[in-house]
Amino acid sequence: MKNGIQRQRNIQIVFLVCAIALALQAANLQIFDGSYARLADATAIEELTVYPPRGIIYDRNGERIVNNEATFDLMVTYSQLDFKKMDVVKLCDILGITEPEFKRNINKDWRSGKFSKSVPFVFLKKISPEKNARFLESQYEFPGFFVQARSIRGYPFNAGAHVLGYINEVTPRDIERSKGKYETGDYIGAAGLESGYEEYLGGQKGVTNLLRDNLGRIVGRYKQGERDSAAIAGKDLVSSIDINLQAYGEKLMQNKTGSVVAIDPKTGQILAMISAPTYNPNLLVMTNERGQEFSRLLTDPLRYFFDRTVMAKYPPGSIFKTVVSLIGMQEGTINPNAGFSCSGGYFYAGRLYKCHHSGHLNGVVDAIAHSCNTYYMMKYRDQVDKYGYSNPQQGLDEFNKYMTQFGFGKRLGIDYPNESPGGFPTSNYYNKLYPKHLGGWHSPTIMSCGIGQGELQLTTLQMANLAACLANRGYWYAPHLIKEFRDGTDIPERFFEKHQVEIDRRHFETVVEGMEQCVIRGTARIAQVPGVSVCGKTGTSQNPHGDDHSVFFAFAPKDDPKIAIAVYVENAGWGASYAAPIAGLMIEKMLNDTIAADRIAIEERMIKADLTSKILANRAQEKIQAKLPKPKPDSLPDPAKIPTEIPDAVKPSTGVVGGTRPGKK
């Protein structure tokens with residue numbers, strides 16, 4: 001009997017202990033451990049990202065050049081779909097798409113890492129308000145689908161596509177780099193200002209928690225929004241761009257390949273930045289047709305996405321003679337007032353390098369005005385041979401010390417992606433290219449650099465910055481595209497740093513006088529602007545694959561510069577053919593606000609000129625040349641026989657291009 005009672009008590013104790021353990025565990029789960037509560041919440045609560053509006057972009061005069069437009073994206077979480085119960089036909093009817101489109105939009109490359117079956121992604125972009133309303137009425141029938149309200153970019157002006165940039169959906173690499181800031185489906189600035197100032201324009205995302213019923217329908221905000229966080233809009237940015245000048249320059253550059261950069265020399269702010277050919281920025285807004293337009297532009301042989309303002313590296317041609325003049329005068333290898341007689345060419349090693357100028361020059365001013373190749377080949381050689389013909393390394397190194405001060409061979413630090421540093425040849429470069437045991441190199445080997453040819457390469461941005469430095473008589477500020485933030489946020493300090501060139505101001509005044517005379521009576525007369533003293537220099541950059549490139553840079557007015565500009569038109573011939581008139585018209589448009597009646601014909605000629613056929617022909621030639629074997633350094637032709645840069649010439653009465661090509665018959 002006693003044993004039975006004891007056994008009964010033991011059983012009761014076991015049950016009591018189990019009951020206590022269960023009670024404690026229940027208390028732990030419900031009171032102390034929130035993981036199960038969160039899991040329960042997840043089945044009833046939809047956590048939605050609230051996307052902030054991106055910052056608005058204005059031009060320097062307050063014109064809105066990039067704005068936001070409200071749109072609706074239909075999102076989907078693949079793992080929540082029940083294809084057996086879903087009425088695909090009805091959903092396609094609501095959205096106005098076909099069943100094949102549904103399949104293309106719903107099936108992703110899950111192995112790519114860009115998409116996840118458990119993470120929402122965009123099923124259909126930019127659905128209309130009407131379709132959005134129809135979908136919301138039937139949303140409970142389509143678990144896994146929901147509408148995400150967000151804003152996309154709009155462009156009031158059909159201008160500035162390269163400089164403004166565009167936004168893209170983030171890539172896996174973007175997500176990895178962001179350290180949690182971005183998720184699949186987010187947008188990010190992918191080019192231009194959108195990329196350069198993504199940190200400021202993007203804003204901060206918020207979160208809204210919505211409560212759903214057992215049918216998946218939204219019935220309200222969870223706990224009156226106490227777990228919500230508001231999105232913070234991106235900062236509004238005032239760019240330095242003058243959108244009207246930008247649009248005018250793009251009009252002049254239509255059907256051409258090249259670039260234009262205009263700078264306010266007093267501040268380094270960029271007034272216009274044109275890469276041609278360009279496109280309508282509205283083609284790349286986040287719509288369903290965007291992918292097709294992007295592919296079309298990307299595969300076009302005119303290379304629409306190649307930004308020639310900062311990425312293309314060109315021989316500058318005769319505009320580089322201004323630099324040779326400055327360095328030569330500073331180092332004492334050029335007497336600015338010494339006369340010089342040009343007999344129509346430079347004779348060396350049994351070969352005549354023809355020059356279009358023939359006659360007497362009264363020093364540097366005349367040499368710049370008439371762009372005498374003979375003068376500058378000799379003066380460049382004088383600098384390289386300053387320490388003896390057998391010691392060209394020291395002379396070139398001394399020359400290159402100033403090149404760095406002008407900002408050549410390095411990035412200028414623009415607030416813009418993909419800037420190339422360009423490049424200039426050094427003594428070490430030539431030592432490797434022409435080893436001593438093969439005869440080495442001397443000043444004749446590299447004399448074409450004295451007229452802006454050879455291995456010298458600059459970007460159009462660097463050419464415009466050189467014009468700004470000349471306008472300032474010896475200093476420059478890093479070119480930049482931001483003027484201010486509307487909320488007063490500081491812009492980077494580096495844009496206020498003055499970069500000084502260690503050359504006496506008096507030498508700059510001499511070169512500036514030569515540039516002014518170049519426009520008044522020299523090779524750049526076509527760039528004259530009524531009532532404005534323009535200082536400029538033409539150049540013609542030799543192109544081994546076809547027609548030469550037209551180059552011009554300038555600043556104006558002479559004594560109170562407000563604009564410094566560089567224009568580079570590929571395959572367009574003489575500097576006075578296209579680059580100089582385009583620059584002159586843009587200067588006139590900015591400073592006078594209108595084009596004089598007697599210059600309308602020049603304007604029309606620039607607008608109507610179509611160089612597309614030349615461009616495509618040169619592209620084909622470049623492809624052929626790329627397949628040919630490259631010569632080895634020890635098999636290069638005699639440097640004394642390498643053709644030099646083509647001089648600039650304009651017939652005085654008609655403005656028609658003329659002159660003789662040196663080194664070519």
# chains A, B, ... in the order shown; residues from 1 in each chain; ligands from 1
call {"tool": "select_by_dssp", "arguments": {"residues": "region 53-300 of chain A", "states": "helix (DSSP H, G or I)", "output": "ChimeraX atom specification"}}
result
/A:78-80,88-95,99-106,110-112,129-137,139-141,161-164,172-178,192-196,198-201,222-225,243-252,281-284,290-299
call {"tool": "write_last_selection", "arguments": {"atoms": "C-alpha atoms", "output": "PDB file, in the first residue's frame"}}
result
ATOM      1  CA  TYR A  78       9.450  35.135 -55.569  1.00  0.00           C
ATOM      2  CA  SER A  79       9.386  32.821 -52.530  1.00  0.00           C
ATOM      3  CA  GLN A  80       5.907  34.072 -51.567  1.00  0.00           C
ATOM      4  CA  VAL A  88      -1.756  34.996 -64.139  1.00  0.00           C
ATOM      5  CA  VAL A  89      -4.182  35.928 -66.911  1.00  0.00           C
ATOM      6  CA  LYS A  90      -5.999  38.387 -64.650  1.00  0.00           C
ATOM      7  CA  LEU A  91      -2.746  39.943 -63.404  1.00  0.00           C
ATOM      8  CA  CYS A  92      -1.510  40.400 -66.974  1.00  0.00           C
ATOM      9  CA  ASP A  93      -4.826  42.024 -67.916  1.00  0.00           C
ATOM     10  CA  ILE A  94      -4.572  44.456 -64.999  1.00  0.00           C
ATOM     11  CA  LEU A  95      -0.997  45.406 -65.883  1.00  0.00           C
ATOM     12  CA  GLU A  99       2.008  36.151 -70.486  1.00  0.00           C
ATOM     13  CA  PRO A 100       5.467  35.845 -72.146  1.00  0.00           C
ATOM     14  CA  GLU A 101       6.310  39.241 -70.622  1.00  0.00           C
ATOM     15  CA  PHE A 102       5.131  37.955 -67.247  1.00  0.00           C
ATOM     16  CA  LYS A 103       7.474  34.973 -67.519  1.00  0.00           C
ATOM     17  CA  ARG A 104      10.433  37.140 -68.567  1.00  0.00           C
ATOM     18  CA  ASN A 105       9.858  39.535 -65.689  1.00  0.00           C
ATOM     19  CA  ILE A 106       9.352  36.870 -63.022  1.00  0.00           C
ATOM     20  CA  TRP A 110      19.220  33.368 -59.466  1.00  0.00           C
ATOM     21  CA  ARG A 111      22.844  32.265 -59.693  1.00  0.00           C
ATOM     22  CA  SER A 112      24.109  35.714 -60.713  1.00  0.00           C
ATOM     23  CA  PRO A 129      -1.577  55.532 -61.601  1.00  0.00           C
ATOM     24  CA  GLU A 130      -4.570  53.869 -63.288  1.00  0.00           C
ATOM     25  CA  LYS A 131      -2.905  50.438 -63.352  1.00  0.00           C
ATOM     26  CA  ASN A 132      -1.733  50.967 -59.801  1.00  0.00           C
ATOM     27  CA  ALA A 133      -5.325  51.625 -58.668  1.00  0.00           C
ATOM     28  CA  ARG A 134      -6.635  48.525 -60.476  1.00  0.00           C
ATOM     29  CA  PHE A 135      -3.920  46.374 -58.953  1.00  0.00           C
ATOM     30  CA  LEU A 136      -4.538  47.629 -55.408  1.00  0.00           C
ATOM     31  CA  GLU A 137      -8.209  46.629 -55.708  1.00  0.00           C
ATOM     32  CA  GLN A 139      -3.851  42.889 -54.515  1.00  0.00           C
ATOM     33  CA  TYR A 140      -5.142  40.307 -52.010  1.00  0.00           C
ATOM     34  CA  GLU A 141      -5.405  37.838 -54.910  1.00  0.00           C
ATOM     35  CA  ALA A 161      23.325  64.012 -70.657  1.00  0.00           C
ATOM     36  CA  HIS A 162      26.985  63.227 -69.945  1.00  0.00           C
ATOM     37  CA  VAL A 163      27.574  65.862 -67.306  1.00  0.00           C
ATOM     38  CA  LEU A 164      24.338  65.169 -65.411  1.00  0.00           C
ATOM     39  CA  PRO A 172      26.087  43.123 -56.380  1.00  0.00           C
ATOM     40  CA  ARG A 173      29.387  44.998 -56.382  1.00  0.00           C
ATOM     41  CA  ASP A 174      27.646  48.240 -55.372  1.00  0.00           C
ATOM     42  CA  ILE A 175      25.893  46.419 -52.535  1.00  0.00           C
ATOM     43  CA  GLU A 176      29.133  44.872 -51.304  1.00  0.00           C
ATOM     44  CA  ARG A 177      30.976  48.199 -51.379  1.00  0.00           C
ATOM     45  CA  SER A 178      28.182  50.068 -49.595  1.00  0.00           C
ATOM     46  CA  GLY A 192      28.149  62.242 -64.166  1.00  0.00           C
ATOM     47  CA  LEU A 193      27.036  64.441 -61.283  1.00  0.00           C
ATOM     48  CA  GLU A 194      24.640  61.725 -60.127  1.00  0.00           C
ATOM     49  CA  SER A 195      27.664  59.539 -59.412  1.00  0.00           C
ATOM     50  CA  GLY A 196      30.064  62.241 -58.235  1.00  0.00           C
ATOM     51  CA  GLU A 198      25.729  60.246 -54.789  1.00  0.00           C
ATOM     52  CA  GLU A 199      26.588  60.625 -51.093  1.00  0.00           C
ATOM     53  CA  TYR A 200      24.697  63.925 -50.991  1.00  0.00           C
ATOM     54  CA  LEU A 201      21.977  63.429 -53.601  1.00  0.00           C
ATOM     55  CA  TYR A 222       1.681  48.528 -37.152  1.00  0.00           C
ATOM     56  CA  LYS A 223       1.440  50.059 -33.626  1.00  0.00           C
ATOM     57  CA  GLN A 224       0.548  53.451 -35.062  1.00  0.00           C
ATOM     58  CA  GLY A 225       3.961  53.701 -36.702  1.00  0.00           C
ATOM     59  CA  ILE A 243      22.319  75.060 -69.030  1.00  0.00           C
ATOM     60  CA  ASN A 244      21.586  77.530 -71.836  1.00  0.00           C
ATOM     61  CA  LEU A 245      25.276  77.710 -72.789  1.00  0.00           C
ATOM     62  CA  GLN A 246      25.461  73.924 -72.504  1.00  0.00           C
ATOM     63  CA  ALA A 247      22.467  73.443 -74.822  1.00  0.00           C
ATOM     64  CA  TYR A 248      23.844  75.963 -77.320  1.00  0.00           C
ATOM     65  CA  GLY A 249      27.229  74.244 -77.414  1.00  0.00           C
ATOM     66  CA  GLU A 250      25.569  70.858 -77.956  1.00  0.00           C
ATOM     67  CA  LYS A 251      23.624  72.339 -80.856  1.00  0.00           C
ATOM     68  CA  LEU A 252      26.846  73.564 -82.468  1.00  0.00           C
ATOM     69  CA  PRO A 281      18.966  62.347 -71.073  1.00  0.00           C
ATOM     70  CA  ASN A 282      15.281  61.386 -70.839  1.00  0.00           C
ATOM     71  CA  LEU A 283      16.074  58.224 -72.822  1.00  0.00           C
ATOM     72  CA  LEU A 284      17.690  56.736 -69.725  1.00  0.00           C
ATOM     73  CA  ARG A 290      15.320  51.985 -70.806  1.00  0.00           C
ATOM     74  CA  GLY A 291      17.211  48.748 -71.390  1.00  0.00           C
ATOM     75  CA  GLN A 292      16.562  48.838 -75.122  1.00  0.00           C
ATOM     76  CA  GLU A 293      17.703  52.468 -75.404  1.00  0.00           C
ATOM     77  CA  PHE A 294      20.776  51.787 -73.291  1.00  0.00           C
ATOM     78  CA  SER A 295      21.802  48.859 -75.504  1.00  0.00           C
ATOM     79  CA  ARG A 296      21.276  50.903 -78.660  1.00  0.00           C
ATOM     80  CA  LEU A 297      23.505  53.732 -77.414  1.00  0.00           C
ATOM     81  CA  LEU A 298      26.103  51.345 -76.033  1.00  0.00           C
ATOM     82  CA  THR A 299      26.569  49.460 -79.301  1.00  0.00           C
TER      83      THR A 299
END
call {"tool": "closest_atom_pairs", "arguments": {"of": "region 467-499 of chain A", "to": "region 49-56 of chain A", "cutoff": "12 Å", "atoms": "only C-alpha atoms", "output": "tab-separated table"}}
result
residue	atom	partner	partner_atom	distance
A:Phe485	CA	A:Gly55	CA	9.8
A:Arg486	CA	A:Ile56	CA	9.6
A:Asp487	CA	A:Gly55	CA	10.9
call {"tool": "residues_around", "arguments": {"residues": "Ala572 (chain A)", "least_positions_apart": "4", "cutoff": "12 Å", "atoms": "only C-alpha atoms", "output": "ChimeraX atom specification"}}
result
/A:253,255-258,539-543,546-552,567-568,576-580,606,609-615,618,657
call {"tool": "write_last_selection", "arguments": {"atoms": "C-alpha atoms", "output": "PDB file, in the first residue's frame"}}
result
ATOM      1  CA  MET A 253      28.486  70.169 -81.907  1.00  0.00           C
ATOM      2  CA  ASN A 255      26.674  65.503 -85.946  1.00  0.00           C
ATOM      3  CA  LYS A 256      30.279  65.876 -84.821  1.00  0.00           C
ATOM      4  CA  THR A 257      32.623  63.982 -82.521  1.00  0.00           C
ATOM      5  CA  GLY A 258      34.666  65.835 -79.945  1.00  0.00           C
ATOM      6  CA  GLY A 539      45.746  74.029 -83.344  1.00  0.00           C
ATOM      7  CA  THR A 540      45.562  71.137 -85.774  1.00  0.00           C
ATOM      8  CA  SER A 541      46.269  67.756 -84.248  1.00  0.00           C
ATOM      9  CA  GLN A 542      47.610  65.152 -86.628  1.00  0.00           C
ATOM     10  CA  ASN A 543      45.618  61.923 -86.873  1.00  0.00           C
ATOM     11  CA  GLY A 546      42.507  59.789 -91.205  1.00  0.00           C
ATOM     12  CA  ASP A 547      41.451  63.441 -91.175  1.00  0.00           C
ATOM     13  CA  ASP A 548      43.193  65.616 -88.607  1.00  0.00           C
ATOM     14  CA  HIS A 549      41.544  67.084 -85.522  1.00  0.00           C
ATOM     15  CA  SER A 550      40.494  70.728 -85.179  1.00  0.00           C
ATOM     16  CA  VAL A 551      41.623  72.391 -81.926  1.00  0.00           C
ATOM     17  CA  PHE A 552      41.142  75.804 -80.338  1.00  0.00           C
ATOM     18  CA  VAL A 567      37.123  72.943 -78.236  1.00  0.00           C
ATOM     19  CA  TYR A 568      38.310  69.721 -79.855  1.00  0.00           C
ATOM     20  CA  ALA A 576      40.080  77.476 -87.804  1.00  0.00           C
ATOM     21  CA  SER A 577      37.675  75.150 -89.619  1.00  0.00           C
ATOM     22  CA  TYR A 578      35.411  74.175 -86.726  1.00  0.00           C
ATOM     23  CA  ALA A 579      36.973  74.473 -83.266  1.00  0.00           C
ATOM     24  CA  ALA A 580      37.686  78.216 -83.460  1.00  0.00           C
ATOM     25  CA  MET A 606      28.502  75.083 -87.707  1.00  0.00           C
ATOM     26  CA  ALA A 609      27.911  70.726 -90.667  1.00  0.00           C
ATOM     27  CA  ASP A 610      27.683  66.937 -90.580  1.00  0.00           C
ATOM     28  CA  LEU A 611      30.971  65.099 -90.067  1.00  0.00           C
ATOM     29  CA  THR A 612      29.333  61.767 -89.274  1.00  0.00           C
ATOM     30  CA  SER A 613      30.503  60.058 -92.472  1.00  0.00           C
ATOM     31  CA  LYS A 614      34.098  61.109 -91.767  1.00  0.00           C
ATOM     32  CA  ILE A 615      33.794  59.866 -88.201  1.00  0.00           C
ATOM     33  CA  ASN A 618      37.906  56.907 -89.404  1.00  0.00           C
ATOM     34  CA  VAL A 657      40.956  77.123 -94.772  1.00  0.00           C
TER      35      VAL A 657
END
call {"tool": "residues_around", "arguments": {"residues": "Tyr58 (chain A)", "least_positions_apart": "6", "cutoff": "6 Å", "atoms": "only C-alpha atoms", "output": "PyMOL selection string"}}
result
chain A and resi 64-65+238-239
call {"tool": "write_last_selection", "arguments": {"atoms": "C-alpha atoms", "output": "compact mmCIF listing (two decimals), in the first residue's frame"}}
result
# COMPACT_ATOMS: atom_id res chain seq x y z
CA ARG A 64 15.98 73.19 -62.49
CA ILE A 65 17.90 70.77 -64.72
CA VAL A 238 23.39 73.98 -57.47
CA SER A 239 25.80 73.06 -60.26
call {"tool": "select_by_dssp", "arguments": {"residues": "region 290-511 of chain A", "states": "strand (DSSP E)", "output": "number ranges by chain"}}
result
A: 340-342, 345-348, 351-354, 359-361, 475-477, 482-485, 498-500
call {"tool": "write_last_selection", "arguments": {"atoms": "N, CA and C atoms", "output": "short mmCIF file (atom, residue, chain, number, x, y, z; two decimals), in the first residue's frame"}}
result
data_model
loop_
_atom_site.label_atom_id
_atom_site.label_comp_id
_atom_site.auth_asym_id
_atom_site.auth_seq_id
_atom_site.Cartn_x
_atom_site.Cartn_y
_atom_site.Cartn_z
N PHE A 340 63.08 86.69 -85.78
CA PHE A 340 63.33 85.35 -86.33
C PHE A 340 62.79 85.32 -87.75
N SER A 341 63.58 84.74 -88.63
CA SER A 341 63.14 84.65 -90.03
C SER A 341 62.82 83.21 -90.37
N CYS A 342 61.61 83.00 -90.86
CA CYS A 342 61.18 81.66 -91.28
C CYS A 342 61.21 81.61 -92.80
N GLY A 345 59.95 76.63 -93.64
CA GLY A 345 60.08 75.27 -93.15
C GLY A 345 61.32 75.10 -92.31
N TYR A 346 61.40 73.95 -91.65
CA TYR A 346 62.55 73.62 -90.81
C TYR A 346 63.30 72.48 -91.47
N PHE A 347 64.57 72.72 -91.78
CA PHE A 347 65.37 71.74 -92.50
C PHE A 347 66.25 70.99 -91.51
N TYR A 348 66.13 69.64 -91.51
CA TYR A 348 66.97 68.85 -90.62
C TYR A 348 67.16 67.46 -91.24
N ARG A 351 65.85 66.70 -94.64
CA ARG A 351 64.40 66.76 -94.85
C ARG A 351 63.87 68.13 -94.46
N LEU A 352 62.92 68.63 -95.25
CA LEU A 352 62.30 69.92 -94.98
C LEU A 352 60.91 69.70 -94.36
N TYR A 353 60.74 70.21 -93.14
CA TYR A 353 59.44 70.17 -92.49
C TYR A 353 58.75 71.51 -92.78
N LYS A 354 57.83 71.47 -93.71
CA LYS A 354 57.25 72.71 -94.22
C LYS A 354 56.44 73.44 -93.15
N GLY A 359 58.50 84.32 -93.52
CA GLY A 359 58.77 85.74 -93.34
C GLY A 359 59.37 86.01 -91.98
N HIS A 360 59.41 87.28 -91.62
CA HIS A 360 60.07 87.71 -90.39
C HIS A 360 59.08 87.75 -89.24
N LEU A 361 59.53 87.27 -88.07
CA LEU A 361 58.75 87.34 -86.84
C LEU A 361 59.44 88.28 -85.86
N TYR A 475 47.92 81.10 -62.52
CA TYR A 475 47.39 80.20 -61.49
C TYR A 475 46.04 79.65 -61.94
N TRP A 476 45.61 78.57 -61.29
CA TRP A 476 44.35 77.93 -61.64
C TRP A 476 43.76 77.24 -60.41
N TYR A 477 42.46 77.04 -60.47
CA TYR A 477 41.75 76.28 -59.44
C TYR A 477 41.26 74.97 -60.05
N ILE A 482 30.31 71.81 -59.03
CA ILE A 482 29.40 72.25 -57.99
C ILE A 482 29.64 73.72 -57.68
N LYS A 483 28.53 74.44 -57.52
CA LYS A 483 28.60 75.83 -57.10
C LYS A 483 28.29 75.94 -55.61
N GLU A 484 27.24 75.23 -55.18
CA GLU A 484 26.87 75.23 -53.77
C GLU A 484 25.79 74.18 -53.51
N PHE A 485 25.56 73.88 -52.23
CA PHE A 485 24.40 73.12 -51.81
C PHE A 485 23.37 74.12 -51.27
N LYS A 498 44.53 77.51 -54.59
CA LYS A 498 45.14 78.13 -55.77
C LYS A 498 46.41 77.37 -56.15
N HIS A 499 46.48 76.92 -57.41
CA HIS A 499 47.65 76.21 -57.92
C HIS A 499 48.49 77.21 -58.72
N GLN A 500 49.67 77.50 -58.25
CA GLN A 500 50.52 78.52 -58.86
C GLN A 500 51.56 77.90 -59.78
#
call {"tool": "residues_around", "arguments": {"residues": "Cys518 (chain A)", "least_positions_apart": "5", "cutoff": "10 Å", "atoms": "only C-alpha atoms", "output": "VMD selection string"}}
result
chain A and resid 365 to 371 512 to 513 523 to 525 527 to 528 534 to 538
call {"tool": "residues_around", "arguments": {"residues": "Arg505 (chain A)", "least_positions_apart": "4", "cutoff": "7 Å", "atoms": "only C-alpha atoms", "output": "ChimeraX atom specification"}}
result
/A:473-474,509
call {"tool": "write_last_selection", "arguments": {"atoms": "N, CA and C atoms", "output": "JSON list (two decimals), in the first residue's frame"}}
result
[["chain", "number", "residue", "atom", "x", "y", "z"],
["A", 473, "ARG", "N", 46.91, 84.61, -65.61],
["A", 473, "ARG", "CA", 48.33, 84.98, -65.65],
["A", 473, "ARG", "C", 49.15, 84.19, -64.63],
["A", 474, "GLY", "N", 48.85, 82.87, -64.56],
["A", 474, "GLY", "CA", 49.78, 82.04, -63.80],
["A", 474, "GLY", "C", 49.23, 81.18, -62.69],
["A", 509, "GLU", "N", 51.95, 87.78, -69.72],
["A", 509, "GLU", "CA", 51.41, 88.94, -70.46],
["A", 509, "GLU", "C", 51.87, 88.89, -71.92]]
call {"tool": "residues_around", "arguments": {"residues": "Arg308 (chain A)", "least_positions_apart": "5", "cutoff": "8 Å", "atoms": "only C-alpha atoms", "output": "number ranges by chain"}}
result
A: 258-259, 275-276, 459-460
call {"tool": "write_last_selection", "arguments": {"atoms": "N, CA and C atoms", "output": "tab-separated table (two decimals), in the first residue's frame"}}
result
chain	number	residue	atom	x	y	z
A	258	GLY	N	33.68	64.99	-80.61
A	258	GLY	CA	34.67	65.84	-79.94
A	258	GLY	C	34.17	66.28	-78.59
A	259	SER	N	34.70	67.40	-78.13
A	259	SER	CA	34.33	67.86	-76.80
A	259	SER	C	34.58	69.35	-76.65
A	275	SER	N	30.34	66.50	-74.39
A	275	SER	CA	30.95	65.39	-75.11
A	275	SER	C	30.02	65.05	-76.27
A	276	ALA	N	30.57	65.07	-77.47
A	276	ALA	CA	29.75	64.81	-78.66
A	276	ALA	C	30.24	63.55	-79.36
A	459	THR	N	43.79	65.93	-72.00
A	459	THR	CA	42.33	65.87	-72.12
A	459	THR	C	41.82	67.27	-72.46
A	460	THR	N	40.61	67.34	-72.96
A	460	THR	CA	40.02	68.65	-73.25
A	460	THR	C	39.87	69.45	-71.97
call {"tool": "closest_residue", "arguments": {"among": "A:Leu48, A:Phe408, A:Glu398, A:Met447", "to": "Lys379 (chain A)", "atoms": "only C-alpha atoms"}}
result
A:Met447
call {"tool": "atom_distance", "arguments": {"atom1": "CA of Arg303 (chain A)", "atom2": "CA of Ile188 (chain A)"}}
result
23.0 Å
call {"tool": "atom_distance", "arguments": {"atom1": "CA of Val529 (chain A)", "atom2": "CA of Met590 (chain A)"}}
result
11.0 Å
call {"tool": "closest_residue", "arguments": {"among": "A:Met273, A:Ala70, A:Ile319, A:Ile334", "to": "Met286 (chain A)", "atoms": "only C-alpha atoms"}}
result
A:Ala70
